[in-house]
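Structure, as structure tokens:
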Amino acid sequence: MEPIVTRFPPSPTGALHIGGARTALFNWLYARKKKGKFILRIEDTDTVRSTKESVGAILESLTWLGIDWDEGPYFQTERATIYTEYIERLVESGSAYYCSCTPEEVNAMREAAKANGLKPMYNGRCRKKNLGPGDNTVVRLKTPQTGVTIVQDIVKGDTAFQNSEMDDFIIQRSDGSAMYNLAVVIDDLTMGINTIIRGDDHLINTPKQMLIYQALGADMPSFGHVPMVLGADKSRLSKRHGAMSVGEYKHLGFLPDAMINYLVRLGWSHGDQEFFERNDLIEKFDLEHLGRSASMFDNDKLLALNAKHIQSKRPEILADHFLFHLKNLGIDAQNDAFTQGVIETLQSRSKTLVEMAKGAAFYYQEDVQFDEKAAHKFLNPDCLDMLQTIADDIEGLEAYTQATLEHVFKKIMDQTHLKFGKIAQPIRVAITGTTVSPGIFEMLLALGQEKTVQRIKTAIRLIQDTA
RNA sequence: GUCCCCAUCGUCUAGCCUGGUCCAGGACACCGGCCUUUCACGCCGGCGACAGGGGUUCGAAUCCCCUUGGGGACGCCA
């Protein structure tokens with residue numbers, strides 16, 4: 001059996017958005033699963049809207065998601081001569097022809113068709129004129145006027161299109177450049193792509209493309225059209241639905257693994273399984289379980305999945321992603337034992353890495369930023385003695401462990417008859433400046449003996465100064 | 001307007017192809033409770049759907065038809 005060759009062909013007119021990322025993911029997953037090839041191709045023939053920045057952003061986002069490609073990126077703008085070659089071949093074989101109708105004339109035809117209750121189409125006026133190339137002439141494909149073209153779709157099943165519904169569409173512009181449908185077919189053909197998974201907004205293009213394959217006498221690839229991703233109001237995902245590019249999600253503190261986990265489950269399933277590791281996905285992904293209906297993007301579910309992935313990853317793996325967000329807060333740190341200890345205390349209470357970084361800031365800051373209300377409520381003269389005792393006891397500890405710390409707390413509780421919370425809260429505020437933090441022992445352990453003592457002493461001075 | 005696609009809890013979905021094991025399962029969200037040193041995590045429980053109508057059949061979420069609803073496409077964009 002020939003190896004599977006898939007591709008992802010974004011047009012660089014903006015960042016990589018959610019829908020595109022999912023399409024890329026499906027193609028990539030399938031290629032990896034089948035031990036085939038995944039090719040990246042940039043469809044930049046729309047020179048007006050294509051930008052270099054978009055190309056950069058797309059490549060960066062794919063890389064961040066861990067979607068790597070075996071070939072490319074190819075650029076359609078660099079392949080113009082290949083398209084011209086094929087277009088000429090099509091004209092010579094009588095499958096295509098030159099047309100000198102102006103856009104205005106074609107528009108009039110469309111209006112006329114619409115007025116008759118028909119689909120707006122070009123009427124084939126230049127079909128038999130046998131025109132040669134010239135200024136302001138385009139090349140159109142001579143589409144069959146009768147019969148049907150049946151798309152055998154992997155996810156939708158067979159879909160029949162009446163050939164009479166298709167007009168002689170343009171394959172070459174008057175400036176000599178190739179149109180989308182032609183370029184795609186020639187690329188897919190010459191790159192050996194045999195499996196095309198794309199959004200179902202392309203389903204309508206498929207019969208047109210099949211006609212080109214046929215005119216060329218070429219083998220047809222397999223097609224699979226996946227439903228689109230919709231916004232929360234069921235309309236096409238767009239800016240007003242909030243973040244929609246992969247890059248934004250990176251900055252919002254999402255893990256690439258959570259992202260691909262969420263994206264793949266939007267339209268694909270493996271029984272009741274919700275949580276997937278990357279390798280798990282490669283092993284289990286298939287085309288049979290792709291859904292047929294459109295799905296809405298749900299931020300809450302993404303968030304929940306992100307939390308699960310944060311919980312399940314080892315701190316040293318998480319660290320690199322975490323450090324990026326810490327840096328955004330103006331804190332430079334290393335992937336060392338300290339940072340990993342910090343991460344461990346925050347893993348089960350962070351839905352995003354931004355949350356984690358914010359929650360971790362106090363570990364790294366030299367001076368504790370006291371929340372006024374918290375300090376007022378918990379750092380008062382009443383607890384001076386208690387804090388002093390604890391600071392002394394911790395400082396005197398030879399072994400700084402969970403067990404010895406617990407012992408220190410227990411001793412104070414026995415001496416003062418205070419409840420655990422009455423001791424823990426002031427300490428928490430002294431250490432973090434706020435009333436919300438990781439568990440008291442794990443936090444003190446992660447912070448280290450020296451800083452712990454130092455911060456408690458600072459709090460004591462604060463109380464004495466304000467008293 | 002014409003053509004195409006789609007239709008299970010609010011959302012993502014399992015089940016549909018190969019009718020009975022489904023008074024429809026899981027997850028997110030939501031609501032209760034437990035755990036508890038804060039915040040979380042975790043655990044237990046609850047709420048909640050086969051769009052409607054016709055068939056076919058002993059039996060339909062599953063097969064067929066119609067209606068309705070949603071989405072997409074109709075470019076010298078991709």
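Letters A, B, ... mark the chains of the structure tokens in the order given; residue numbers begin at 1 per chain; ligand numbers begin at 1, in order shown.
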
Chain B near chain A within 10 Å: what's each residue's closest atom pair and its distance in Å to one decimal, counting only C-alpha atoms (C1' of nucleotides), ordered by chain then ascending residue number, as a tab-separated table?
```
residue	atom	partner	partner_atom	distance
B:G1	C1'	A:Gly117	CA	5.7
B:U2	C1'	A:Lys119	CA	4.4
B:C3	C1'	A:Glu165	CA	7.2
B:C4	C1'	A:Ile204	CA	6.8
B:C5	C1'	A:Asp200	CA	7.8
B:C6	C1'	A:Ser293	CA	5.1
B:A7	C1'	A:Ser293	CA	7.7
B:U11	C1'	A:Asp298	CA	6.6
B:C12	C1'	A:Leu266	CA	6.5
B:U13	C1'	A:Ser269	CA	7.2
B:A14	C1'	A:Gly271	CA	5.5
B:G15	C1'	A:Gly271	CA	9.4
B:G25	C1'	A:Asp272	CA	8.3
B:G26	C1'	A:Asp272	CA	5.1
B:A27	C1'	A:Glu274	CA	6.5
B:C28	C1'	A:Lys301	CA	4.8
B:A29	C1'	A:Asp300	CA	7.2
B:U37	C1'	A:Gly421	CA	4.7
B:U38	C1'	A:Val436	CA	5.1
B:C39	C1'	A:Val436	CA	5.1
B:A40	C1'	A:Arg349	CA	4.5
B:C41	C1'	A:Ser348	CA	5.2
B:G42	C1'	A:Ser348	CA	9.9
B:G70	C1'	A:Lys234	CA	8.0
B:G71	C1'	A:Ala294	CA	7.5
B:G72	C1'	A:Asp201	CA	5.6
B:A73	C1'	A:Ile204	CA	6.1
B:C74	C1'	A:Pro120	CA	6.7
B:G75	C1'	A:Ile170	CA	9.9
B:C76	C1'	A:Arg173	CA	4.9
B:C77	C1'	A:Asp46	CA	7.1
B:A78	C1'	A:Ser11	CA	6.4
```

*Which neighbours of Thr416 of chain A fall inside 12 Å, counting only C-alpha atoms (C1' of nucleotides), when residues of the same chain fewer than 2 positions from it are skipped, and could you give them as JSON, numbers by chain?*
{"A": [382, 383, 385, 386, 387, 389, 390, 409, 410, 411, 412, 413, 414, 418, 419, 420, 422, 423]}

Write a file of the just-selected residues containing N, CA, C and O atoms, as a compact mmCIF listing (two decimals), in the first residue's frame.
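So the final result, stored in part-v3.txt, reads:
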```
# COMPACT_ATOMS: atom_id res chain seq x y z
N ASP A 382 -1.86 40.85 68.37
CA ASP A 382 -2.28 39.61 69.04
C ASP A 382 -1.42 38.41 68.66
O ASP A 382 -1.26 37.47 69.43
N CYS A 383 -0.93 38.43 67.44
CA CYS A 383 -0.19 37.24 67.02
C CYS A 383 1.33 37.46 67.02
O CYS A 383 2.08 36.64 66.50
N ASP A 385 3.55 37.29 69.46
CA ASP A 385 4.27 36.24 70.18
C ASP A 385 4.33 34.95 69.38
O ASP A 385 5.36 34.30 69.29
N MET A 386 3.18 34.63 68.86
CA MET A 386 3.09 33.39 68.10
C MET A 386 4.06 33.43 66.92
O MET A 386 4.81 32.49 66.68
N LEU A 387 4.07 34.53 66.19
CA LEU A 387 4.94 34.66 65.03
C LEU A 387 6.41 34.59 65.46
O LEU A 387 7.23 33.95 64.80
N THR A 389 7.68 33.14 68.08
CA THR A 389 8.03 31.77 68.46
C THR A 389 8.26 30.90 67.23
O THR A 389 9.22 30.14 67.14
N ILE A 390 7.34 31.02 66.29
CA ILE A 390 7.44 30.20 65.08
C ILE A 390 8.71 30.53 64.31
O ILE A 390 9.42 29.64 63.83
N PHE A 409 4.41 23.53 64.27
CA PHE A 409 3.03 24.04 64.36
C PHE A 409 2.28 23.39 65.52
O PHE A 409 1.53 24.03 66.24
N LYS A 410 2.49 22.10 65.64
CA LYS A 410 1.78 21.34 66.67
C LYS A 410 2.15 21.88 68.07
O LYS A 410 1.31 22.04 68.94
N LYS A 411 3.44 22.15 68.21
CA LYS A 411 3.93 22.66 69.48
C LYS A 411 3.24 23.99 69.86
O LYS A 411 2.75 24.17 70.98
N ILE A 412 3.18 24.87 68.86
CA ILE A 412 2.52 26.16 69.10
C ILE A 412 1.05 25.96 69.46
O ILE A 412 0.52 26.63 70.36
N MET A 413 0.41 25.07 68.71
CA MET A 413 -1.01 24.83 68.98
C MET A 413 -1.21 24.37 70.42
O MET A 413 -2.14 24.80 71.10
N ASP A 414 -0.34 23.48 70.87
CA ASP A 414 -0.45 22.97 72.23
C ASP A 414 -0.22 24.08 73.24
O ASP A 414 -0.95 24.19 74.23
N LEU A 418 -4.41 27.61 70.31
CA LEU A 418 -5.00 28.20 69.11
C LEU A 418 -5.31 27.10 68.12
O LEU A 418 -4.61 26.08 68.06
N LYS A 419 -6.34 27.32 67.31
CA LYS A 419 -6.65 26.36 66.27
C LYS A 419 -5.66 26.52 65.13
O LYS A 419 -5.04 27.58 64.95
N PHE A 420 -5.56 25.48 64.36
CA PHE A 420 -4.58 25.50 63.28
C PHE A 420 -4.74 26.72 62.37
O PHE A 420 -3.78 27.38 62.02
N LYS A 422 -5.86 29.61 62.98
CA LYS A 422 -5.45 30.86 63.60
C LYS A 422 -3.94 31.08 63.48
O LYS A 422 -3.45 32.21 63.58
N ILE A 423 -3.24 29.99 63.30
CA ILE A 423 -1.80 30.10 63.14
C ILE A 423 -1.44 30.19 61.65
O ILE A 423 -0.62 31.01 61.24
```

Could you find all residues in segment 95-257 of chain A that DSSP calls strand (DSSP E) from the backbone, and write them as a ChimeraX atom specification? /A:96-99,138-141,148-153,157-162,170-172,195-199,222-226,229-230

Take the residues that were just selected and, keeping C-alpha atoms, output them as a PDB file, in the first residue's frame.
```pdb
ATOM      1  CA  ALA A  96      -9.929  24.726 -21.217  1.00  0.00           C
ATOM      2  CA  TYR A  97     -10.281  27.860 -23.289  1.00  0.00           C
ATOM      3  CA  TYR A  98      -9.498  31.551 -23.379  1.00  0.00           C
ATOM      4  CA  CYS A  99     -12.240  33.974 -22.521  1.00  0.00           C
ATOM      5  CA  VAL A 138      -8.625  34.540 -18.718  1.00  0.00           C
ATOM      6  CA  VAL A 139      -8.574  30.775 -19.060  1.00  0.00           C
ATOM      7  CA  ARG A 140     -11.684  28.848 -18.115  1.00  0.00           C
ATOM      8  CA  LEU A 141     -12.161  25.146 -17.636  1.00  0.00           C
ATOM      9  CA  VAL A 148     -23.063  14.320 -12.195  1.00  0.00           C
ATOM     10  CA  THR A 149     -19.805  14.466 -10.330  1.00  0.00           C
ATOM     11  CA  ILE A 150     -19.876  12.407  -7.192  1.00  0.00           C
ATOM     12  CA  VAL A 151     -17.624  13.246  -4.314  1.00  0.00           C
ATOM     13  CA  GLN A 152     -16.885  10.127  -2.295  1.00  0.00           C
ATOM     14  CA  ASP A 153     -16.204  11.753   0.981  1.00  0.00           C
ATOM     15  CA  GLY A 157     -20.313   9.849   2.349  1.00  0.00           C
ATOM     16  CA  ASP A 158     -21.282  10.273  -1.300  1.00  0.00           C
ATOM     17  CA  THR A 159     -22.414  13.673  -2.413  1.00  0.00           C
ATOM     18  CA  ALA A 160     -23.654  14.214  -5.949  1.00  0.00           C
ATOM     19  CA  PHE A 161     -23.273  17.517  -7.761  1.00  0.00           C
ATOM     20  CA  GLN A 162     -25.051  18.187 -11.033  1.00  0.00           C
ATOM     21  CA  ILE A 170     -11.587  30.601 -14.240  1.00  0.00           C
ATOM     22  CA  ILE A 171      -8.326  28.748 -13.768  1.00  0.00           C
ATOM     23  CA  GLN A 172      -5.998  31.518 -14.923  1.00  0.00           C
ATOM     24  CA  THR A 195      -5.443  12.215   1.387  1.00  0.00           C
ATOM     25  CA  ILE A 196      -7.051  15.614   1.712  1.00  0.00           C
ATOM     26  CA  ILE A 197      -8.723  16.540   4.975  1.00  0.00           C
ATOM     27  CA  ARG A 198     -10.123  20.055   4.987  1.00  0.00           C
ATOM     28  CA  GLY A 199     -13.022  22.154   6.196  1.00  0.00           C
ATOM     29  CA  SER A 222      -9.312  10.739  -1.101  1.00  0.00           C
ATOM     30  CA  PHE A 223     -11.288  13.617   0.308  1.00  0.00           C
ATOM     31  CA  GLY A 224     -12.564  14.136   3.825  1.00  0.00           C
ATOM     32  CA  HIS A 225     -14.483  17.274   4.693  1.00  0.00           C
ATOM     33  CA  VAL A 226     -14.690  18.056   8.361  1.00  0.00           C
ATOM     34  CA  VAL A 229     -15.876  25.227  14.168  1.00  0.00           C
ATOM     35  CA  LEU A 230     -18.500  27.755  15.166  1.00  0.00           C
TER      36      LEU A 230
END
```

Close residues, segment 281-287 of chain A itself excluded, 7 Å, only C-alpha atoms (C1' of nucleotides), min 5 positions apart in chain, as a list in words: Leu29, Tyr30, Arg32, Lys33 and Phe276 of chain A

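Minimum atom-to-atom distances from B:G20, B:G69, B:G32, B:G45 to U57 of chain B were compared using only C-alpha atoms (C1' of nucleotides), and the lowest value belongs to B:G20.
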
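Neighbours of Gln365 of chain A closer than or equal to 12 Å, with only C-alpha atoms (C1' of nucleotides) counted and sequence neighbours fewer than 2 positions away skipped, come out as Leu326, Leu329, Gly330, Ile331, Asp332, Ala333, Lys358, Gly359, Ala360, Ala361, Phe362, Tyr363, Asp367, Val368, Gln369, Phe370, Ile431, Thr432, Gly433, Leu447, Lys451 and Arg455 of chain A.
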
Expected file: the selected residues, N, CA and C atoms, as a PDB file, in the first residue's frame:
```pdb
ATOM      1  N   LEU A 326       6.065  33.729  33.453  1.00  0.00           N
ATOM      2  CA  LEU A 326       6.683  34.411  34.582  1.00  0.00           C
ATOM      3  C   LEU A 326       7.443  35.627  34.054  1.00  0.00           C
ATOM      4  N   LEU A 329       5.585  38.611  33.433  1.00  0.00           N
ATOM      5  CA  LEU A 329       5.278  39.347  34.654  1.00  0.00           C
ATOM      6  C   LEU A 329       6.512  40.114  35.137  1.00  0.00           C
ATOM      7  N   GLY A 330       7.573  40.010  34.350  1.00  0.00           N
ATOM      8  CA  GLY A 330       8.801  40.721  34.708  1.00  0.00           C
ATOM      9  C   GLY A 330       9.697  39.950  35.656  1.00  0.00           C
ATOM     10  N   ILE A 331       9.456  38.643  35.749  1.00  0.00           N
ATOM     11  CA  ILE A 331      10.284  37.842  36.651  1.00  0.00           C
ATOM     12  C   ILE A 331      11.139  36.866  35.848  1.00  0.00           C
ATOM     13  N   ASP A 332      12.444  36.958  36.033  1.00  0.00           N
ATOM     14  CA  ASP A 332      13.350  36.035  35.354  1.00  0.00           C
ATOM     15  C   ASP A 332      13.702  34.909  36.301  1.00  0.00           C
ATOM     16  N   ALA A 333      13.526  33.693  35.825  1.00  0.00           N
ATOM     17  CA  ALA A 333      13.866  32.554  36.685  1.00  0.00           C
ATOM     18  C   ALA A 333      14.406  31.418  35.838  1.00  0.00           C
ATOM     19  N   LYS A 358       1.022  34.121  38.110  1.00  0.00           N
ATOM     20  CA  LYS A 358       0.570  35.143  39.053  1.00  0.00           C
ATOM     21  C   LYS A 358       0.613  34.609  40.479  1.00  0.00           C
ATOM     22  N   GLY A 359       0.194  33.357  40.611  1.00  0.00           N
ATOM     23  CA  GLY A 359       0.188  32.741  41.930  1.00  0.00           C
ATOM     24  C   GLY A 359       1.588  32.452  42.450  1.00  0.00           C
ATOM     25  N   ALA A 360       2.545  32.439  41.538  1.00  0.00           N
ATOM     26  CA  ALA A 360       3.917  32.082  41.924  1.00  0.00           C
ATOM     27  C   ALA A 360       4.783  33.301  42.193  1.00  0.00           C
ATOM     28  N   ALA A 361       4.282  34.464  41.763  1.00  0.00           N
ATOM     29  CA  ALA A 361       5.110  35.672  41.834  1.00  0.00           C
ATOM     30  C   ALA A 361       5.711  35.896  43.229  1.00  0.00           C
ATOM     31  N   PHE A 362       4.913  35.645  44.267  1.00  0.00           N
ATOM     32  CA  PHE A 362       5.387  35.939  45.628  1.00  0.00           C
ATOM     33  C   PHE A 362       6.643  35.141  46.006  1.00  0.00           C
ATOM     34  N   TYR A 363       6.801  33.949  45.390  1.00  0.00           N
ATOM     35  CA  TYR A 363       7.972  33.133  45.707  1.00  0.00           C
ATOM     36  C   TYR A 363       9.260  33.851  45.276  1.00  0.00           C
ATOM     37  N   ASP A 367      10.517  41.590  48.139  1.00  0.00           N
ATOM     38  CA  ASP A 367       9.637  42.163  49.145  1.00  0.00           C
ATOM     39  C   ASP A 367       8.208  41.690  48.939  1.00  0.00           C
ATOM     40  N   VAL A 368       7.622  41.255  50.014  1.00  0.00           N
ATOM     41  CA  VAL A 368       6.239  40.783  49.939  1.00  0.00           C
ATOM     42  C   VAL A 368       5.310  41.977  49.719  1.00  0.00           C
ATOM     43  N   GLN A 369       4.402  41.814  48.760  1.00  0.00           N
ATOM     44  CA  GLN A 369       3.419  42.872  48.498  1.00  0.00           C
ATOM     45  C   GLN A 369       2.177  42.572  49.348  1.00  0.00           C
ATOM     46  N   PHE A 370       2.007  43.334  50.410  1.00  0.00           N
ATOM     47  CA  PHE A 370       0.892  43.019  51.301  1.00  0.00           C
ATOM     48  C   PHE A 370      -0.437  43.567  50.804  1.00  0.00           C
ATOM     49  N   ILE A 431       3.954  35.344  54.555  1.00  0.00           N
ATOM     50  CA  ILE A 431       4.759  34.761  53.474  1.00  0.00           C
ATOM     51  C   ILE A 431       4.367  35.283  52.103  1.00  0.00           C
ATOM     52  N   THR A 432       3.028  35.371  51.851  1.00  0.00           N
ATOM     53  CA  THR A 432       2.565  35.683  50.499  1.00  0.00           C
ATOM     54  C   THR A 432       1.988  37.084  50.371  1.00  0.00           C
ATOM     55  N   GLY A 433       1.584  37.666  51.475  1.00  0.00           N
ATOM     56  CA  GLY A 433       0.946  38.976  51.413  1.00  0.00           C
ATOM     57  C   GLY A 433      -0.556  38.884  51.243  1.00  0.00           C
ATOM     58  N   LEU A 447       9.493  27.426  49.452  1.00  0.00           N
ATOM     59  CA  LEU A 447      10.153  28.725  49.613  1.00  0.00           C
ATOM     60  C   LEU A 447      11.555  28.575  50.223  1.00  0.00           C
ATOM     61  N   LYS A 451      14.280  31.988  53.644  1.00  0.00           N
ATOM     62  CA  LYS A 451      13.306  33.009  53.244  1.00  0.00           C
ATOM     63  C   LYS A 451      12.069  32.976  54.123  1.00  0.00           C
ATOM     64  N   ARG A 455      10.841  36.226  56.087  1.00  0.00           N
ATOM     65  CA  ARG A 455       9.539  36.871  55.825  1.00  0.00           C
ATOM     66  C   ARG A 455       8.691  36.989  57.089  1.00  0.00           C
TER      67      ARG A 455
END
```
